[in-house]
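Enquirer: Here it is, the structure in full.
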Amino acid sequence: MEEERTQGKLRQAVSAAGGINARVKVALVGVPVLLLILFLTPPWAFGIAVGLISGVSAVELVSATRTGGNIRVMGYVAVSAFAIPFLMSLPQVILGWLFVVFLLTIALFVETLLAYDTERAMPISFFGLNFFAGAVIPLFLGSLSILRSIAEIGPFFDGRVYVLIPIIIAFVTDAGAYFAGHAFGKHKLLEKVSPKKTIEGSIGGFVAALVSMLVFSLVLIFAFDADYSWPAIFLYSILGSAVTQIGDLAFSLIKREYAKKDFGNLLPGHGGVLDRFDSMIFVAPFITVMVFWLPIVVRS
């Protein structure tokens with residue numbers, strides 16, 4: 001019996017090491033590509049990149065929950081999820097994204113009405129999940145396009161730098177929680193929703209976010225001679241990490257409800273695109289609002 005337990009722990013350790021290795025490989029490829037797109041392309045190109053992430057995430061969600069209804073519904077959701085972030089990156093296309101949300105709403109209701117009381121009938125809950133996938137997810141992720149379009153306020157210091165804030169908070173919180181949980185995790189956070197998440201991992205996420213934002217701010221202070229609001233940095237870090245973890249748990253709840261381990265398998269060690277960007281979906285709009293309501297940069 002003791003030998004079986006030892007072998008089981010060994011298999012878990014090997015599996016965890018493999019997962020960590022895969023995550024690192026994805027990060028080594030994905031992070032440089034993301035930075036190149038962010039800093040070396042125009043806003044519309046960044047909008048396309050966010051649109052692709054949003055579109056794939058939306059399709060993964062609808063596929064995993066089997067709420068697409070038919071191929072047309074899947075098409076409406078995919079096109080809407082791509083178009084909204086892209087249009088949000090084009091300030092000259094005023095309210096174009098709102099028109100897409102309107103069209104998606106009409107299309108989903110028409111499909112639901114036509115299928116009502118037939119063998120193809122779709123529960124009204126299908127409408128909710130398809131709307132969430134095709135409108136809410138892209139609107140939240142599309143806020144990154146709004147951040148990207150902020151006018152320059154100093155040498156090379158513009159929206160491209162602001163976009164780094166939710167990216168850093170989301171990715172570092174995830175990494176901090178993952179590694180702290182594996183190293184120190186003993187007390188479950190919400191076991192029925194996400195069995196592997198621990199309180200120690202959650203604390204590690206908060207600490208990692210705060211440290212990374214402090215380092216990020218110090219780098220920009222020395223590089224651009226910027227004057228930062230330290231209370232704002234603290235709030236961005238702590239509240240941003242909290243929102244990130246809530247977003248992660250929210251999508252874990254969806255997976256638990258539909259008995260899914262991952263939303264997809266495109267990214268080794270992560271699962272699908274949505275599994276990688278689920279926490280970003282919540283923190284992106286939060287940081288966008290914070291940037292406008294409580295600026296992190298103090299200008300004289």
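Order determines the names: the first chain of the structure tokens is A, the second B, and so forth; residues in each chain are numbered 1 upward, and ligands are numbered 1 upward as they are shown.
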Pick out the residues sitting within 10 Å of Lys196 (chain A), and hand them over as a ChimeraX atom specification; count only C-alpha atoms, and ignore anything fewer than 4 positions along from it in its own chain.
Expert: /A:178,181-182,185-192,201
Enquirer: Give me every alpha helix (DSSP H) residue in region 32-202 of chain A, going by DSSP on the backbone, as an MDAnalysis selection string.
Expert: chainID A and resid 32:40 43:65 71:88 96:115 124:131 137:148 159:184 199:202
Enquirer: Which residues, written as a ChimeraX atom specification, have at least one atom at most 10 Å from Leu129 (chain A), with only C-alpha atoms counted and residues fewer than 4 positions away on the same chain left out?
Expert: /A:58,61-62,65-68,124-125,133-136
Enquirer: Quick one: write out the picked residues with N, CA and C atoms as a JSON list (two decimals), in the first residue's frame?
Expert:
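Here's the written file out_37.json:
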[["chain", "number", "residue", "atom", "x", "y", "z"],
["A", 58, "ALA", "N", -14.22, 32.24, -27.87],
["A", 58, "ALA", "CA", -15.68, 32.13, -27.95],
["A", 58, "ALA", "C", -16.10, 30.79, -28.53],
["A", 61, "LEU", "N", -15.57, 28.04, -25.99],
["A", 61, "LEU", "CA", -16.60, 28.03, -24.95],
["A", 61, "LEU", "C", -17.89, 27.39, -25.45],
["A", 62, "VAL", "N", -18.33, 27.81, -26.63],
["A", 62, "VAL", "CA", -19.58, 27.27, -27.18],
["A", 62, "VAL", "C", -19.44, 25.78, -27.48],
["A", 65, "THR", "N", -19.34, 23.68, -24.15],
["A", 65, "THR", "CA", -20.63, 23.62, -23.45],
["A", 65, "THR", "C", -21.74, 23.07, -24.34],
["A", 66, "ARG", "N", -21.41, 22.84, -25.63],
["A", 66, "ARG", "CA", -22.36, 22.29, -26.60],
["A", 66, "ARG", "C", -23.63, 23.12, -26.68],
["A", 67, "THR", "N", -23.47, 24.43, -26.69],
["A", 67, "THR", "CA", -24.62, 25.33, -26.72],
["A", 67, "THR", "C", -24.74, 26.07, -28.05],
["A", 68, "GLY", "N", -23.97, 25.63, -29.03],
["A", 68, "GLY", "CA", -23.99, 26.34, -30.31],
["A", 68, "GLY", "C", -25.30, 26.20, -31.05],
["A", 124, "ILE", "N", -33.39, 28.57, -23.69],
["A", 124, "ILE", "CA", -33.04, 29.98, -23.61],
["A", 124, "ILE", "C", -31.68, 30.17, -22.95],
["A", 125, "SER", "N", -31.25, 29.19, -22.14],
["A", 125, "SER", "CA", -29.91, 29.26, -21.54],
["A", 125, "SER", "C", -28.83, 29.24, -22.61],
["A", 133, "ALA", "N", -20.41, 34.43, -24.98],
["A", 133, "ALA", "CA", -19.25, 34.09, -25.80],
["A", 133, "ALA", "C", -19.04, 35.09, -26.93],
["A", 134, "GLY", "N", -20.13, 35.51, -27.58],
["A", 134, "GLY", "CA", -20.01, 36.35, -28.77],
["A", 134, "GLY", "C", -20.01, 37.83, -28.51],
["A", 135, "ALA", "N", -20.41, 38.27, -27.31],
["A", 135, "ALA", "CA", -20.48, 39.71, -27.03],
["A", 135, "ALA", "C", -19.70, 40.12, -25.78],
["A", 136, "VAL", "N", -19.94, 39.44, -24.66],
["A", 136, "VAL", "CA", -19.30, 39.86, -23.40],
["A", 136, "VAL", "C", -17.80, 39.61, -23.42]]
Enquirer: Hey, what's within 9 Å of Ile281 (chain A) if we count only C-alpha atoms and toss same-chain stuff fewer than 6 positions away? As a PyMOL selection string, please?
Expert: chain A and resi 137-141+244+247
Enquirer: Keeping N, CA, C and O atoms, export the residues of the selection given above as a PDB file, in the first residue's frame.
Expert:
ATOM      1  N   ILE A 137     -17.395  38.393 -23.806  1.00  0.00           N
ATOM      2  CA  ILE A 137     -15.960  38.097 -23.867  1.00  0.00           C
ATOM      3  C   ILE A 137     -15.224  39.067 -24.790  1.00  0.00           C
ATOM      4  O   ILE A 137     -14.203  39.653 -24.396  1.00  0.00           O
ATOM      5  N   PRO A 138     -15.695  39.295 -26.039  1.00  0.00           N
ATOM      6  CA  PRO A 138     -14.969  40.241 -26.900  1.00  0.00           C
ATOM      7  C   PRO A 138     -15.025  41.685 -26.416  1.00  0.00           C
ATOM      8  O   PRO A 138     -14.062  42.438 -26.615  1.00  0.00           O
ATOM      9  N   LEU A 139     -16.106  42.089 -25.774  1.00  0.00           N
ATOM     10  CA  LEU A 139     -16.154  43.448 -25.227  1.00  0.00           C
ATOM     11  C   LEU A 139     -15.127  43.623 -24.119  1.00  0.00           C
ATOM     12  O   LEU A 139     -14.436  44.648 -24.048  1.00  0.00           O
ATOM     13  N   PHE A 140     -15.028  42.628 -23.246  1.00  0.00           N
ATOM     14  CA  PHE A 140     -14.060  42.709 -22.154  1.00  0.00           C
ATOM     15  C   PHE A 140     -12.628  42.672 -22.689  1.00  0.00           C
ATOM     16  O   PHE A 140     -11.787  43.491 -22.301  1.00  0.00           O
ATOM     17  N   LEU A 141     -12.343  41.724 -23.585  1.00  0.00           N
ATOM     18  CA  LEU A 141     -10.997  41.666 -24.165  1.00  0.00           C
ATOM     19  C   LEU A 141     -10.731  42.881 -25.045  1.00  0.00           C
ATOM     20  O   LEU A 141      -9.597  43.356 -25.141  1.00  0.00           O
ATOM     21  N   THR A 244      -8.487  38.973 -11.411  1.00  0.00           N
ATOM     22  CA  THR A 244      -7.898  37.894 -12.212  1.00  0.00           C
ATOM     23  C   THR A 244      -8.292  36.528 -11.666  1.00  0.00           C
ATOM     24  O   THR A 244      -8.709  35.626 -12.414  1.00  0.00           O
ATOM     25  N   GLY A 247     -11.937  35.751 -12.217  1.00  0.00           N
ATOM     26  CA  GLY A 247     -12.161  35.349 -13.599  1.00  0.00           C
ATOM     27  C   GLY A 247     -11.766  33.908 -13.835  1.00  0.00           C
ATOM     28  O   GLY A 247     -12.490  33.149 -14.494  1.00  0.00           O
TER      29      GLY A 247
END
Enquirer: I'd like a table as a tab-separated table: residues in region 95-155 of chain A with an atom no more than 10 Å from region 38-52 of chain A, each row giving the shortest atom pair and its distance in Å to one decimal, only C-alpha atoms counted, sorted by chain and rising residue number.
Expert:
residue	atom	partner	partner_atom	distance
A:Pro138	CA	A:Gly51	CA	7.3
A:Leu141	CA	A:Val50	CA	7.0
A:Gly142	CA	A:Val50	CA	6.9
A:Ser143	CA	A:Val50	CA	9.7
A:Leu144	CA	A:Val50	CA	7.8
A:Ser145	CA	A:Gly47	CA	5.9
A:Ile146	CA	A:Pro43	CA	9.3
A:Leu147	CA	A:Pro43	CA	10.0
A:Arg148	CA	A:Pro43	CA	6.6
A:Ser149	CA	A:Pro43	CA	6.5
Enquirer: Tell me which of A:Ser252, A:Ser229, A:Asn265, A:Gln92 sits closest to Leu294 (chain A), counting only C-alpha atoms.
Expert: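 Among A:Ser252, A:Ser229, A:Asn265, A:Gln92, it is A:Ser229 that comes nearest to Leu294 (chain A).
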Enquirer: Leaving out Phe184 (chain A) and any residue of its chain fewer than 5 positions from it, which residues lie within 9 Å of it when counting only C-alpha atoms, given as a count of residues only?
Expert: 4
Enquirer: Which one of A:Phe132, A:Leu235, A:Leu220, A:Asp227 sits closest to Phe206 (chain A) if you count only C-alpha atoms?
Expert: A:Leu235
Enquirer: What is the distance, in Å and to one decimal place, between CA of Trp97 (chain A) and CA of Pro85 (chain A)?
Expert: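 Computed distance, CA of Trp97 (chain A) to CA of Pro85 (chain A), equals 7.6 Å.
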Enquirer: Excluding same-chain residues fewer than 6 positions from Ser194 (chain A), what lies within 10 Å of it counting only C-alpha atoms, as a PDB file with N, CA, C and O atoms, in the first residue's frame?
Expert:
ATOM      1  N   LYS A 188      -7.470  24.011   0.632  1.00  0.00           N
ATOM      2  CA  LYS A 188      -8.238  24.228  -0.585  1.00  0.00           C
ATOM      3  C   LYS A 188      -8.960  25.575  -0.557  1.00  0.00           C
ATOM      4  O   LYS A 188      -9.450  26.011   0.489  1.00  0.00           O
ATOM      5  N   ASP A 248     -10.633  33.522 -13.293  1.00  0.00           N
ATOM      6  CA  ASP A 248     -10.170  32.136 -13.430  1.00  0.00           C
ATOM      7  C   ASP A 248     -11.168  31.170 -12.805  1.00  0.00           C
ATOM      8  O   ASP A 248     -11.520  30.132 -13.388  1.00  0.00           O
ATOM      9  N   LEU A 249     -11.657  31.515 -11.618  1.00  0.00           N
ATOM     10  CA  LEU A 249     -12.621  30.660 -10.929  1.00  0.00           C
ATOM     11  C   LEU A 249     -13.959  30.625 -11.658  1.00  0.00           C
ATOM     12  O   LEU A 249     -14.641  29.598 -11.679  1.00  0.00           O
ATOM     13  N   ALA A 250     -14.343  31.745 -12.256  1.00  0.00           N
ATOM     14  CA  ALA A 250     -15.614  31.803 -12.980  1.00  0.00           C
ATOM     15  C   ALA A 250     -15.624  30.807 -14.134  1.00  0.00           C
ATOM     16  O   ALA A 250     -16.607  30.076 -14.342  1.00  0.00           O
ATOM     17  N   PHE A 251     -14.534  30.761 -14.887  1.00  0.00           N
ATOM     18  CA  PHE A 251     -14.473  29.818 -15.999  1.00  0.00           C
ATOM     19  C   PHE A 251     -14.242  28.388 -15.517  1.00  0.00           C
ATOM     20  O   PHE A 251     -14.642  27.431 -16.188  1.00  0.00           O
ATOM     21  N   SER A 252     -13.612  28.237 -14.358  1.00  0.00           N
ATOM     22  CA  SER A 252     -13.512  26.900 -13.763  1.00  0.00           C
ATOM     23  C   SER A 252     -14.906  26.390 -13.395  1.00  0.00           C
ATOM     24  O   SER A 252     -15.193  25.194 -13.528  1.00  0.00           O
ATOM     25  N   LEU A 253     -15.762  27.305 -12.946  1.00  0.00           N
ATOM     26  CA  LEU A 253     -17.137  26.939 -12.612  1.00  0.00           C
ATOM     27  C   LEU A 253     -17.887  26.449 -13.850  1.00  0.00           C
ATOM     28  O   LEU A 253     -18.639  25.464 -13.789  1.00  0.00           O
ATOM     29  N   LYS A 255     -16.516  25.082 -16.526  1.00  0.00           N
ATOM     30  CA  LYS A 255     -15.970  23.752 -16.847  1.00  0.00           C
ATOM     31  C   LYS A 255     -16.515  22.692 -15.905  1.00  0.00           C
ATOM     32  O   LYS A 255     -16.836  21.571 -16.331  1.00  0.00           O
ATOM     33  N   ARG A 256     -16.633  23.029 -14.647  1.00  0.00           N
ATOM     34  CA  ARG A 256     -17.171  22.079 -13.680  1.00  0.00           C
ATOM     35  C   ARG A 256     -18.633  21.770 -14.000  1.00  0.00           C
ATOM     36  O   ARG A 256     -19.070  20.613 -13.927  1.00  0.00           O
TER      37      ARG A 256
END
Enquirer: Got a sec: who's within 12 Å of Ile167 (chain A), counting only C-alpha atoms, leaving out chain neighbours fewer than 4 positions off, as JSON, numbers by chain?
Expert: {"A": [31, 34, 35, 38, 141, 144, 147, 160, 161, 162, 163, 171, 172, 173, 174, 209, 212, 213, 216, 237, 240, 241, 244, 276, 277, 278, 279, 280, 281, 282, 283, 284, 285, 287, 288]}
Enquirer: Hey, can you check how far CA of Val73 (chain A) sits from CA of Pro91 (chain A)?
Expert: 28.3 Å
Enquirer: CA of Ala81 (chain A) and CA of Asp117 (chain A) are how many Å apart?
Expert: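 These atoms are spaced 28.4 Å apart.
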